[in-house]
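Participant: Pasting a structure below so you can have a look.
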Amino acid sequence: RVHQHSSQLPVNKYDYIVVGAGAAGLGTSLLLASRRMVLAPSLFLRPALGIFDTAPSSLSILMTFFSDEGILAAQVPLLAPTLTPNYMSHHYGSSEDYDRLARITGDSGWSWNNMKQYIKRHEKIVPPADGHNTTGQYTPSLHGTNGVLPKSLPGYSVATDSRIIATTRELSSEFPFNQDITSGNVLGVTWVQSAIGGGKRSSSSTTYLASVKDRKNVDVLVNAQVTKLLRTGTVGGKPSFKGVQYAAAPGSPTQTAYAREEVILSAGSLGTPQILMLSGIGDKDELASHYITTVIENTSVGKNLSDHALLPNNWIVQGTESLDGLFRDQSALNSALVQWQANKTGPLVHGTVNHIGFFRLPSDAPIFETTSDPSSGPTASHYELIFSSYWLHPTLPSPANGSYMTICSALISPTSRGYLKLASADPFQTPLINPQYLSTAFDKYTLREAVKAAKRFTSGPAWADYILAPYGDLASTNTDADIDAYARKYTSTIFHPVGTAAMSAKDAGWGVVDPDFRLKGADGVRIVDASVWPFVPNAHTQGPVYLLAERAASIIAEPSKSNADLRGNLGFLNPRSR
Ligand SMILES: Cc1cc2nc3c(=O)[nH]c(=O)nc-3n(C[C@H](O)[C@H](O)[C@H](O)COP(=O)(O)OP(=O)(O)OC[C@H]3O[C@@H](n4cnc5c(N)ncnc54)[C@H](O)[C@@H]3O)c2cc1C
């Protein structure tokens with residue numbers, strides 16, 4: 001049951017308290033089978049449509065981007081990476097991401113061979129909204145048909161679709177077609193699978209939560225921001241935190257709630273480390289600077305922030321087939337809305353992009369003389385190209401006229417690591433976040449090469465009668481120095497931050513949680529969200545987070561079954577660094 005006010009809660013002691021109602025929070029909590037409570041500062045229950053549903057989270061974070069010289073390059077508001085405004089693309093990453101996680105944690109339960117079972121448990125592949133024949137666009141045997149989350153192939157075709165597929169034939173050695181990256185091999189161009197079913201957004205609230213909304217053993221409290229964990233004692237020499245303090249708004253009275261079993265932090269890569277630090281868990285000196293007493297010293301909290309930096313490249317295109325005209329025409333948009341309301345078809349079911357592609361640098365790329373390959377493995381990628389049939393640019397508004405297409409270059413295996421720190425001890429003050437994008441030679445090199453790759457992609461015959469010219473500064477990126485300057489000016493994020501409460505082996509000298517999601521050095525707390533990924537996987541991150549939530553639920557509900565037979569033998573995995 002969903003409650004608006006703490007006074008409506010029937011009790012204040014639960015088996016589990018889950019903090020955060022995003023991908024992981026709702027996924028984990030609703031997969032568990034006992035009385036639990038979910039705390040959410042904002043929970044949007046309405047179904048969503050296409051790219052127009054961008055309801056903001058209440059937790060807005062101001063994010064600053066710094067160039068390598070430490071100069072403020074851009075400043076844009078970042079919504080907390082909650083599922084509500086996300087672009088719905090839904091994949092899981094490279095098999096090598098999971099095998100790497102198994103190596104890092106020393107727990108073979110994280111290997112692809114084990115983790116891929118959760119794909120079928122989680123998803124329900126359904127026909128696209130336009131009902132088109134999807135033969136050859138995905139591999140049905142890789143997908144679930146009975147899971148909780150409906151997903152589908154694109155339900156609205158756009159002008160670039162056939163040209164992209166033609167390019168995978170014309171320039172097949174560099175840009176091959178990959179029928180379905182759910183196989184664990186991500187390399188090549190693929191049709192996007194999106195968290196959309198029947199023309200409507202599938203979010204954790206429309207799926208996991210909706211499936212149990214009438215159950216009496218789940219209470220969801222909205223408008224409740226957790227301000228800190230409460231210490232409830234000492235167990236086995238470790239501080240136990242089986243309570244939370246929360247408030248509806250700055251200045252509102254604080255409330256408390258307690259867990260018999262555990263508190264599960266699922267407040268995301270930005271919210272989770274903030275709560276930990278407010279609770280006295282973090283770097284002692286940083287906490288002291290805000291007069292917070294350290295309860296558990298852990299210098300990894302808030303560090304190791306890793307994200308996919310995004311650089312949009314725009315081209316001016318012929319005719320009026322792109323979606324730009326629709327976006328500028330209110331009456332056309334109104335008609336599209338009427339169509340969507342009538343039968344859930346039309347442009348509003350478009351899930352942002354219809355194609356993406358993952359690629360590697362050549363093995364003899366000069367950068368490998370100085371940087372060892374940071375990708376998860378030989379079939380994992382270094383960068384992604386994201387294709388949209390309209391003007392897409394996080395920092396430049398759409399021009400008033402003209403038709404466009406965009407290929408965003410995204411850095412998939414970054415070596416830069418950023419951080420999140422408290423700005424103050426006030427839980428309602430947004431933390432300081434510095435992702436330190438492009439702060440390494442490898443990242444600068446790879447993003448530069450990804451821009452060149454996008455240009456090569458558009459040089460194929462399929463584009464000759466469509467593309468008129470590169471737009472704006474892209475047109476004058478003739479040298480490496482030009483591209484670097486262009487990247488410094490326009491690089492932002494695709495909102496995939498991870499790593500701020502990283503998972504590591506039980507005995508590692510770094511990391512925040514153990515392979516079973518338990519907060520190191522504490523009793524009674526687990527962290528289940530994107531923050532535990534120690535590196536950013538080869539995917540837009542909701543899919544990997546859902547798999548994590550599914551595994552968390554198995555570990556918590558059936559610890560012996562999910563782990564006992566999987567532990568120990570990591571002989572099949574070659575050692576690699578994290
Ligand atoms: C604009 C945007 C577009 C994206 N597009 C895609 C995409 O197309 N495909 C994809 O795979 N991924 C996408 N992502 C990323 C994806 O949404 C995230 O990786 C995913 O939601 C992370 O899940 P999570 O459970 O870790 O965190 P979240 O889903 O962010 O959930 C965390 C929740 O905790 C809440 N919270 C935070 N602090 C507190 C507190 N103190 N007390 C209580 N609650 C708190 C937050 O409000 C939020 O609801 C996108 C993200 C954004 C922002």
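Chain lettering (A, B, ...) mirrors the order of the structure tokens, residue numbering begins at 1 for each chain separately, and ligand numbering begins at 1 in order of display.
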List the spatial neighbours of Ala522 (chain A) as an NGL selection string - criterion: any atom at most 8 Å away, only C-alpha atoms, same-chain residues fewer than 4 positions off excluded.
Facilitator: :A and (238-241 or 296 or 518)
Participant: Let's have the selection written as an mmCIF file, in the first residue's frame, with C-alpha atoms.
Facilitator:
```cif
data_model
loop_
_atom_site.group_PDB
_atom_site.id
_atom_site.type_symbol
_atom_site.label_atom_id
_atom_site.label_comp_id
_atom_site.auth_asym_id
_atom_site.auth_seq_id
_atom_site.Cartn_x
_atom_site.Cartn_y
_atom_site.Cartn_z
ATOM 1 C CA LYS A 238 30.171 -4.210 14.709
ATOM 2 C CA PRO A 239 27.812 -1.245 14.896
ATOM 3 C CA SER A 240 24.290 -2.288 13.957
ATOM 4 C CA PHE A 241 22.107 0.140 11.971
ATOM 5 C CA ILE A 296 32.812 3.407 10.540
ATOM 6 C CA ARG A 518 26.493 -6.224 3.123
#
```
Participant: If we count only C-alpha atoms, what is near Leu548 (chain A) at a cut-off of 12 Å, once residues fewer than 3 positions away on the same chain are taken out, given as number ranges by chain?
Facilitator: A: 23-25, 27-28, 92, 98, 101, 109-112, 114-119, 122, 266, 503, 515-517, 527-533, 541-545, 551-555
Participant: Using only C-alpha atoms, which protein or nucleic acid residues come within 9 Å of Tyr138 (chain A)? Drop anything in the same chain fewer than 3 positions from it, and give the result as a list in words.
Facilitator: Thr134, Thr135, Leu142, Leu153, Asn178, Gln179, Asp180, Ile181, Thr182, Thr190, Trp191 and Gln193 of chain A
Participant: Please, could you write that set of residues out with C-alpha atoms as a PDB file, in the first residue's frame?
Facilitator:
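As written to disk, out_27.pdb reads:
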```pdb
ATOM      1  CA  THR A 134      10.660  -8.519 -35.610  1.00  0.00           C
ATOM      2  CA  THR A 135      12.282 -11.532 -37.249  1.00  0.00           C
ATOM      3  CA  LEU A 142      17.614 -15.194 -25.079  1.00  0.00           C
ATOM      4  CA  LEU A 153      11.718  -3.612 -29.829  1.00  0.00           C
ATOM      5  CA  ASN A 178      24.586  -7.679 -33.896  1.00  0.00           C
ATOM      6  CA  GLN A 179      21.168  -9.335 -33.770  1.00  0.00           C
ATOM      7  CA  ASP A 180      20.879  -9.375 -30.011  1.00  0.00           C
ATOM      8  CA  ILE A 181      23.358  -8.103 -27.441  1.00  0.00           C
ATOM      9  CA  THR A 182      21.463  -9.966 -24.712  1.00  0.00           C
ATOM     10  CA  THR A 190      21.797  -3.535 -32.645  1.00  0.00           C
ATOM     11  CA  TRP A 191      18.106  -2.737 -32.494  1.00  0.00           C
ATOM     12  CA  GLN A 193      15.211  -3.096 -26.718  1.00  0.00           C
TER      13      GLN A 193
END
```
Participant: Tell me which of A:Ile407, A:Val353, A:Val2, A:Ala342 sits closest to Pro154 (chain A), counting only C-alpha atoms.
Facilitator: A:Val353
Participant: Can you pull out every residue within 12 Å of region 319-329 of chain A, counting only C-alpha atoms, but drop anything in the same chain fewer than 4 positions away, and send it as a PyMOL selection string?
Facilitator: chain A and resi 51-52+156-161+315+333-337+346-348+350+352-353+388-392+397-406+465-468
Participant: Can I get the selected residues back with N, CA and C atoms, as a compact mmCIF listing (two decimals), in the first residue's frame?
Facilitator:
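As a result, part-v3.txt now contains:
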```
# COMPACT_ATOMS: atom_id res chain seq x y z
N ILE A 51 9.51 9.84 -24.81
CA ILE A 51 10.49 10.78 -24.32
C ILE A 51 9.84 11.99 -23.69
N PHE A 52 8.53 12.04 -23.68
CA PHE A 52 7.87 13.22 -23.15
C PHE A 52 7.62 13.13 -21.66
N TYR A 156 8.03 2.42 -33.21
CA TYR A 156 7.77 3.52 -34.15
C TYR A 156 9.01 3.69 -35.01
N SER A 157 8.87 3.47 -36.31
CA SER A 157 10.08 3.51 -37.14
C SER A 157 10.42 4.95 -37.50
N VAL A 158 11.72 5.21 -37.63
CA VAL A 158 12.19 6.57 -37.92
C VAL A 158 13.07 6.55 -39.17
N ALA A 159 13.35 7.76 -39.68
CA ALA A 159 14.01 7.90 -40.98
C ALA A 159 15.37 7.22 -41.03
N THR A 160 16.06 7.16 -39.92
CA THR A 160 17.43 6.63 -39.94
C THR A 160 17.47 5.09 -39.89
N ASP A 161 16.37 4.44 -39.54
CA ASP A 161 16.41 2.98 -39.32
C ASP A 161 17.04 2.22 -40.49
N TRP A 315 24.04 16.22 -37.22
CA TRP A 315 24.14 16.47 -38.66
C TRP A 315 22.83 17.10 -39.15
N LEU A 333 1.86 17.49 -32.00
CA LEU A 333 2.08 16.76 -30.74
C LEU A 333 0.76 16.38 -30.08
N ASN A 334 -0.20 17.32 -30.14
CA ASN A 334 -1.51 17.02 -29.56
C ASN A 334 -2.16 15.84 -30.29
N SER A 335 -2.04 15.82 -31.63
CA SER A 335 -2.62 14.69 -32.39
C SER A 335 -1.93 13.39 -32.00
N ALA A 336 -0.59 13.48 -31.83
CA ALA A 336 0.15 12.27 -31.44
C ALA A 336 -0.32 11.78 -30.07
N LEU A 337 -0.63 12.73 -29.20
CA LEU A 337 -1.11 12.34 -27.87
C LEU A 337 -2.49 11.68 -27.97
N GLY A 346 1.98 5.26 -32.44
CA GLY A 346 2.40 6.56 -32.95
C GLY A 346 3.72 7.03 -32.37
N PRO A 347 4.10 8.27 -32.68
CA PRO A 347 5.45 8.74 -32.30
C PRO A 347 5.69 8.77 -30.80
N LEU A 348 4.64 8.84 -30.00
CA LEU A 348 4.89 8.92 -28.55
C LEU A 348 5.28 7.58 -27.93
N HIS A 350 7.81 6.10 -29.20
CA HIS A 350 9.24 6.05 -29.55
C HIS A 350 10.08 6.12 -28.27
N THR A 352 13.11 6.98 -27.44
CA THR A 352 14.31 7.83 -27.56
C THR A 352 15.20 7.47 -28.75
N VAL A 353 15.69 6.22 -28.80
CA VAL A 353 16.52 5.83 -29.96
C VAL A 353 16.15 4.42 -30.39
N SER A 388 20.03 8.82 -33.10
CA SER A 388 18.65 9.32 -33.00
C SER A 388 18.30 10.14 -34.23
N SER A 389 17.03 10.07 -34.56
CA SER A 389 16.55 10.68 -35.80
C SER A 389 15.99 12.07 -35.52
N TYR A 390 16.69 12.83 -34.72
CA TYR A 390 16.27 14.19 -34.38
C TYR A 390 17.44 14.87 -33.65
N TRP A 391 17.29 16.12 -33.36
CA TRP A 391 18.30 16.88 -32.63
C TRP A 391 18.32 16.40 -31.18
N LEU A 392 19.44 15.86 -30.75
CA LEU A 392 19.57 15.45 -29.35
C LEU A 392 20.86 16.08 -28.84
N PRO A 397 20.32 23.94 -27.07
CA PRO A 397 18.90 23.82 -27.43
C PRO A 397 18.73 23.53 -28.92
N SER A 398 17.62 22.89 -29.24
CA SER A 398 17.34 22.55 -30.63
C SER A 398 17.20 23.82 -31.46
N PRO A 399 17.82 23.87 -32.65
CA PRO A 399 17.62 25.05 -33.52
C PRO A 399 16.14 25.22 -33.87
N ALA A 400 15.77 26.44 -34.21
CA ALA A 400 14.35 26.74 -34.49
C ALA A 400 13.87 26.10 -35.79
N ASN A 401 14.78 25.85 -36.70
CA ASN A 401 14.40 25.28 -38.00
C ASN A 401 15.32 24.12 -38.36
N GLY A 402 14.87 23.39 -39.37
CA GLY A 402 15.75 22.36 -39.94
C GLY A 402 15.49 20.97 -39.40
N SER A 403 16.09 20.00 -40.10
CA SER A 403 15.97 18.59 -39.70
C SER A 403 17.36 18.07 -39.36
N TYR A 404 17.40 17.18 -38.38
CA TYR A 404 18.70 16.75 -37.85
C TYR A 404 18.71 15.25 -37.56
N MET A 405 19.91 14.71 -37.49
CA MET A 405 20.10 13.40 -36.86
C MET A 405 21.29 13.55 -35.92
N THR A 406 21.35 12.68 -34.93
CA THR A 406 22.41 12.77 -33.93
C THR A 406 23.04 11.39 -33.75
N ASP A 465 22.30 10.47 -49.81
CA ASP A 465 21.14 11.27 -50.22
C ASP A 465 20.37 11.81 -49.01
N TYR A 466 20.96 11.75 -47.84
CA TYR A 466 20.22 12.17 -46.64
C TYR A 466 20.93 13.27 -45.86
N ILE A 467 22.22 13.06 -45.58
CA ILE A 467 22.94 14.04 -44.77
C ILE A 467 23.38 15.23 -45.64
N LEU A 468 23.09 16.44 -45.15
CA LEU A 468 23.53 17.64 -45.87
C LEU A 468 24.89 18.11 -45.38
```
Participant: Which residue gives the smallest distance to ligand 1 among A:Thr430, A:Ser141, A:Asn113, A:Ser363, with only C-alpha atoms and all ligand atoms counted?
Facilitator: A:Thr430
Participant: Excluding region 245-253 of chain A and its own-chain neighbours fewer than 5 positions away, which residues fall within 8 Å of it when counting only C-alpha atoms? Please give them as a PyMOL selection string.
Facilitator: chain A and resi 41+223-230+428
Participant: Pick the closest to ligand 1 from A:Ser194, A:Thr293, A:Ser108, A:Ser375: which is it, counting only C-alpha atoms and all ligand atoms?
Facilitator: A:Ser194
Participant: Select from region 424-498 of chain A everything DSSP, run on the backbone, classes as strand (DSSP E), then give the selection as JSON, numbers by chain.
Facilitator: {"A": [432, 433, 434, 467, 468, 469, 470, 492, 493]}
Participant: Check the smallest atom-to-atom distance from each of A:Val513, A:Leu422, A:Ile494, A:Ala464 to ligand 1 using only C-alpha atoms and all ligand atoms, then report the winner.
Facilitator: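 Ranking A:Val513, A:Leu422, A:Ile494, A:Ala464 by distance to ligand 1, first place goes to A:Ile494.
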Participant: Within 12 Å of Ile165 (chain A), counting only C-alpha atoms, which residues show up once you throw out same-chain ones fewer than 4 positions away? Write them as a ChimeraX atom specification, please.
Facilitator: /A:136-137,159-161,169-172,175-179,188-191,354-357,387,457,460-463
Participant: Measuring between only C-alpha atoms, which one of A:Ala309, A:Ile164, A:Val317, A:Ala380 shows the shortest distance to Asn538 (chain A)?
Facilitator: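 The shortest atom-to-atom distance to Asn538 (chain A) comes from A:Ala380.
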Participant: Which of region 49-279 of chain A counts as alpha helix (DSSP H) under DSSP, as a PyMOL selection string please?
Facilitator: chain A and resi 95-105+112-115+117-122+161-170+210-211+268-278
Participant: Quick one: pull the distance between CA of Asp373 (chain A) and CA of Lys444 (chain A), Å, one decimal.
Facilitator: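 For CA of Asp373 (chain A) relative to CA of Lys444 (chain A), the distance reads 14.3 Å.
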Participant: Could you tell me how far CA of Gly155 (chain A) sits from CA of Val349 (chain A), in Å to one decimal place?
Facilitator: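 Computing the Euclidean distance for CA of Val349 (chain A) and CA of Gly155 (chain A) yields 6.2 Å.
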Participant: CA of Pro362 (chain A) to CA of Arg417 (chain A): how many Å, to one decimal?
Facilitator: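 Straight-line distance from CA of Pro362 (chain A) to CA of Arg417 (chain A) works out to 23.7 Å.
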Participant: Restricting the calculation to only C-alpha atoms and all ligand atoms, which member of A:Leu31, A:Leu278, A:Ile556, A:Val301 is positioned closest to ligand 1?
Facilitator: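 Among A:Leu31, A:Leu278, A:Ile556, A:Val301, it is A:Leu278 that comes nearest to ligand 1.
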Participant: Name all residues at most 12 Å from Trp510 (chain A) (count only C-alpha atoms; drop same-chain ones fewer than 5 positions away) and give them as a short mmCIF file (atom, residue, chain, number, x, y, z; two decimals) with C-alpha atoms, in the first residue's frame.
Facilitator:
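Output contents, as saved in out-v3.cif:
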```
data_model
loop_
_atom_site.label_atom_id
_atom_site.label_comp_id
_atom_site.auth_asym_id
_atom_site.auth_seq_id
_atom_site.Cartn_x
_atom_site.Cartn_y
_atom_site.Cartn_z
CA ILE A 104 36.84 -8.61 -8.30
CA THR A 105 34.61 -10.04 -5.59
CA GLY A 282 32.99 7.47 5.31
CA GLU A 297 35.87 4.77 8.79
CA ASN A 298 35.72 3.84 5.12
CA THR A 299 37.58 5.98 2.61
CA SER A 300 35.88 4.28 -0.37
CA VAL A 301 32.46 5.82 0.38
CA LYS A 303 34.85 7.64 -4.25
CA ASN A 304 35.38 5.65 -7.48
CA GLY A 499 30.74 2.88 -8.02
CA THR A 500 30.26 5.22 -5.06
CA ALA A 501 29.61 2.31 -2.68
CA ALA A 502 31.58 -0.28 -4.64
CA MET A 503 31.37 -4.02 -4.11
CA SER A 504 34.65 -5.81 -3.46
CA ALA A 505 35.92 -9.09 -2.08
CA LYS A 520 31.46 -3.65 5.39
CA GLY A 521 32.15 -3.17 9.07
CA PRO A 534 32.68 -1.10 -9.04
CA ARG A 578 39.35 -3.76 -11.59
#
```
